[in-house]
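Engineer: Let me give you the structure first, and then I'll get to my questions.
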Amino acid sequence: MGAGPVTGEGTAVDGTPAGRARGRDIAGVVRAYVSLTKPRIVELLLVTTVPAMMLAAGGLSSLWLVAVVLVGGSLAAGAANALNCYIDRDIDQLMRRTKRRPLPTHVVAPKQALVFGLVLAAVSVTIMAVFTNWLATLLTLGAIAYYDLVYTMWLKRTTPMNTFWGGVCGSAPVLIGWAAVTGSLSPAAWALFAVVFFWQMPHFYALAIKYKDDYARASIPMLPVVASARRVNAEILLFSWLTVAASLVVWPLGMSPIYGATAVVLGGIFLLEAHRLVGRSRRGEPLRPMRLFHWSTTYLTVLFIAVALDALL
């Protein structure tokens, strides 16, 4: 972890004081466990949860409830991701994008990662059960189980439809947040779910295009690995348009022109980027798929900020 063994004089063999060496070891282990939770993914999931809660509450929801759902949701997503790292440790070491994760580099042992993930899952579900309601709790438990048992262990390794069916997990935080506020799910909740669900296809297809060779090396049948460029292009366009259509369906379900105008402008830019990627593919030009990947993240973030602002006004 960046420091050598400690000598009898209280220094590491590289001259680092023993206390500082141990401190670096501890900090490195903490960072490794945090990285197992994939915090960037957790952050993106929470971006959709809080605005959904605000819309469900018709304004500012209880700050206590928001805090509970943020903590419980973060732990649940972290648990699912840590267990994903445990299950995928065999293929992670084959891919350049993932080979520096804690398990392939042996910073964290597989058993430790498994226990860590299970503990996070138990704590997250307990928090939701004690402080929210049965529907939000069941959705939380179901999202963890679906992501690890259905998506990671089965779909990801067996079918190019893995991104489509795996989209259920990434969209679940919207429903969890809504259910925590109301104890039920309304058409608006399902419309927001549809936005995130359809959005995941162009978002992750762009990433899979970038790391196509990585996925092929690990025998993961991501769509860009096993399908023609024409098929991939068609699906990127289809699901980009469905994303924007779903965002517009949200508009008449209690939203103001503030949200509507934002959805129209953002949707237009999103579709422009998707068509640009497909156009470059058809012309045989360098694809630059990460442009769509990064823009799609911005799209979802700003769209849900608009949801939150609309709920406040």
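Starting from 1 in every chain, residues are counted up; chains themselves are A, B, ... following the order of the structure tokens, and ligands are numbered from 1 as listed.
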Residues near range 194-202 of chain A, anyone? I mean within 8 Å using only C-alpha atoms, not counting same-chain ones fewer than 2 positions away, as a ChimeraX atom specification.
Structural biologist: /A:163-164,167-168,170-171,190-192,204-206,235-237,239-240,242-244,246-247,274,292-293,296,300
Engineer: Keeping only N, CA and C atoms, write the selected residues to a file as a compact mmCIF listing (two decimals), in the first residue's frame.
Structural biologist:
# COMPACT_ATOMS: atom_id res chain seq x y z
N THR A 163 -28.12 -5.04 -20.55
CA THR A 163 -28.28 -3.63 -20.22
C THR A 163 -29.75 -3.26 -20.09
N PHE A 164 -30.57 -3.80 -20.98
CA PHE A 164 -32.00 -3.49 -20.95
C PHE A 164 -32.63 -3.98 -19.65
N GLY A 167 -31.52 -2.43 -16.44
CA GLY A 167 -31.98 -1.07 -16.21
C GLY A 167 -32.98 -0.93 -15.10
N VAL A 168 -33.62 -2.03 -14.74
CA VAL A 168 -34.59 -2.00 -13.64
C VAL A 168 -33.92 -1.53 -12.35
N GLY A 170 -31.12 0.33 -11.89
CA GLY A 170 -30.72 1.72 -11.89
C GLY A 170 -31.88 2.69 -11.79
N SER A 171 -33.07 2.24 -12.16
CA SER A 171 -34.26 3.08 -12.10
C SER A 171 -34.98 2.97 -10.77
N TRP A 190 -43.94 6.33 -12.03
CA TRP A 190 -43.59 5.39 -13.09
C TRP A 190 -43.04 6.09 -14.32
N ALA A 191 -43.53 7.31 -14.59
CA ALA A 191 -43.00 8.07 -15.72
C ALA A 191 -41.54 8.45 -15.49
N LEU A 192 -41.20 8.88 -14.26
CA LEU A 192 -39.80 9.19 -13.94
C LEU A 192 -38.95 7.92 -13.99
N PHE A 204 -25.07 3.50 -21.32
CA PHE A 204 -24.16 2.37 -21.15
C PHE A 204 -23.71 1.77 -22.48
N TYR A 205 -24.50 1.91 -23.53
CA TYR A 205 -24.02 1.46 -24.84
C TYR A 205 -22.81 2.28 -25.27
N ALA A 206 -22.84 3.58 -24.97
CA ALA A 206 -21.69 4.42 -25.30
C ALA A 206 -20.44 3.95 -24.56
N GLU A 235 -30.47 0.89 -31.69
CA GLU A 235 -30.92 0.87 -30.30
C GLU A 235 -30.56 2.17 -29.58
N ILE A 236 -29.40 2.73 -29.89
CA ILE A 236 -29.05 4.02 -29.28
C ILE A 236 -30.09 5.07 -29.65
N LEU A 237 -30.47 5.12 -30.92
CA LEU A 237 -31.46 6.11 -31.34
C LEU A 237 -32.83 5.80 -30.75
N PHE A 239 -33.71 4.20 -27.97
CA PHE A 239 -33.84 4.45 -26.54
C PHE A 239 -33.57 5.92 -26.18
N SER A 240 -32.81 6.61 -27.00
CA SER A 240 -32.67 8.05 -26.78
C SER A 240 -34.00 8.76 -27.01
N LEU A 242 -36.96 7.34 -26.82
CA LEU A 242 -37.87 6.92 -25.77
C LEU A 242 -37.60 7.66 -24.45
N THR A 243 -36.32 7.94 -24.18
CA THR A 243 -35.97 8.70 -22.99
C THR A 243 -36.62 10.08 -23.03
N VAL A 244 -36.45 10.76 -24.15
CA VAL A 244 -37.02 12.10 -24.28
C VAL A 244 -38.55 12.04 -24.25
N ALA A 246 -40.41 9.85 -22.70
CA ALA A 246 -40.82 9.62 -21.31
C ALA A 246 -40.71 10.90 -20.49
N SER A 247 -39.66 11.68 -20.74
CA SER A 247 -39.51 12.94 -20.00
C SER A 247 -40.65 13.90 -20.31
N ALA A 274 -26.84 11.89 -29.67
CA ALA A 274 -27.05 10.49 -30.08
C ALA A 274 -26.96 10.36 -31.60
N LEU A 292 -21.22 11.18 -25.82
CA LEU A 292 -22.60 10.85 -25.48
C LEU A 292 -22.69 10.37 -24.04
N PHE A 293 -21.73 9.58 -23.61
CA PHE A 293 -21.74 9.07 -22.23
C PHE A 293 -21.76 10.22 -21.23
N SER A 296 -24.94 12.43 -21.51
CA SER A 296 -26.13 11.77 -20.96
C SER A 296 -26.18 11.91 -19.44
N LEU A 300 -29.34 13.80 -17.46
CA LEU A 300 -30.16 13.25 -16.39
C LEU A 300 -30.08 14.13 -15.14
Engineer: Would you pick out the contacts of range 130-133 of chain A at 8 Å or less, using only C-alpha atoms, so that residues sharing its chain but fewer than 2 positions from it are not included, and give the list as a PyMOL selection string?
Structural biologist: chain A and resi 65+68+126-128+135-137+179-180+183
Engineer: Can you list, as a VMD selection string, every residue of range 174-313 of chain A that DSSP puts in helix (DSSP H, G or I)?
Structural biologist: chain A and resid 174 to 182 187 to 210 212 to 217 223 to 226 229 to 250 257 to 282 289 to 312
Engineer: I'd like the neighbourhood of Gly166 in chain A as a VMD selection string, where a residue qualifies if any of its atoms comes within 12 Å (using only C-alpha atoms), though same-chain residues fewer than 5 positions away should be ignored.
Structural biologist: chain A and resid 143 to 157 159 to 161 171 to 172 196 to 198 200 to 201 204 222
Engineer: Which is closer to Ile41 in chain A than all the others in A:Ser219, A:Thr105, A:Asn81, A:Ser228, using only C-alpha atoms?
Structural biologist: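 Comparing A:Ser219, A:Thr105, A:Asn81, A:Ser228 against Ile41 in chain A, the winner is A:Asn81.
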Engineer: Here is a test: counting only C-alpha atoms, which residue of A:Leu63, A:Ile305, A:Val249, A:Val278 is nearest to Arg230 in chain A?
Structural biologist: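 Ranking A:Leu63, A:Ile305, A:Val249, A:Val278 by distance to Arg230 in chain A, first place goes to A:Val278.
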Engineer: Give me, please, the distance in Å between CA of Gly73 in chain A and CA of Ser124 in chain A, quoted to one decimal.
Structural biologist: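 Separation between CA of Gly73 in chain A and CA of Ser124 in chain A: 6.9 Å.
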Engineer: What's the 10 Å shell around Trp251 in chain A, counting only C-alpha atoms, without same-chain residues fewer than 5 positions away, as a PyMOL selection string?
Structural biologist: chain A and resi 188+191+246+256-261+263+307
Engineer: Please measure the separation of CA of Ile26 in chain A and CA of Ala109 in chain A, giving the value in Å to one decimal.
Structural biologist: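 Going from CA of Ile26 in chain A over to CA of Ala109 in chain A covers 15.1 Å.
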Engineer: Counting only C-alpha atoms, what is within 8 Å of Gly117 in chain A, bar same-chain residues fewer than 6 positions away, as a PyMOL selection string?
Structural biologist: chain A and resi 78-83
Engineer: Quick check, in Å to one decimal: how far apart do CA of Ala77 in chain A and CA of Gly177 in chain A lie?
Structural biologist: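 Answer for the CA of Ala77 in chain A to CA of Gly177 in chain A separation: 13.3 Å.
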Engineer: At a cut-off of 9 Å, using only C-alpha atoms, what residues contact Met290 in chain A? Leave out same-chain residues fewer than 2 positions from it and give the result as a list of chain:residue names.
Structural biologist: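 Using only C-alpha atoms, the neighbours found are A:Ala206, A:Leu207, A:Ile209, A:Lys210, A:Leu287, A:Arg288, A:Leu292, A:Phe293, A:His294, A:Trp295.
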Engineer: For the residues in that selection, give me C-alpha atoms as an mmCIF file, in the first residue's frame.
Structural biologist:
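Below is the file part-v5.cif, written as the result:
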data_model
loop_
_atom_site.group_PDB
_atom_site.id
_atom_site.type_symbol
_atom_site.label_atom_id
_atom_site.label_comp_id
_atom_site.auth_asym_id
_atom_site.auth_seq_id
_atom_site.Cartn_x
_atom_site.Cartn_y
_atom_site.Cartn_z
ATOM 1 C CA ALA A 206 -21.691 4.424 -25.303
ATOM 2 C CA LEU A 207 -19.484 3.107 -22.494
ATOM 3 C CA ILE A 209 -18.474 0.943 -27.348
ATOM 4 C CA LYS A 210 -15.498 2.619 -25.691
ATOM 5 C CA LEU A 287 -16.865 7.478 -32.823
ATOM 6 C CA ARG A 288 -15.939 9.418 -29.665
ATOM 7 C CA LEU A 292 -22.596 10.851 -25.483
ATOM 8 C CA PHE A 293 -21.742 9.075 -22.232
ATOM 9 C CA HIS A 294 -20.774 12.278 -20.424
ATOM 10 C CA TRP A 295 -23.538 14.356 -21.937
#
Engineer: Taking into account only C-alpha atoms, which residue in the set A:Tyr33, A:Trp178, A:Tyr211, A:Trp134 is nearest to Met95 in chain A?
Structural biologist: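 Of all the options, A:Tyr211 lies closest to Met95 in chain A.
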Engineer: What's around Asp90 in chain A at 10 Å? Count only C-alpha atoms, leave out sequence neighbours fewer than 5 positions away in its own chain, and write the answer as a list of chain:residue names.
Structural biologist: A:Cys85, A:Met95, A:Lys99, A:Leu103, A:Pro104, A:Ala218
Engineer: Hey, which of A:Val250, A:Cys169, A:Met53, A:Leu46 ends up closest to Thr182 in chain A? Count only C-alpha atoms.
Structural biologist: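 Of the candidates, the smallest distance to Thr182 in chain A is held by A:Met53.
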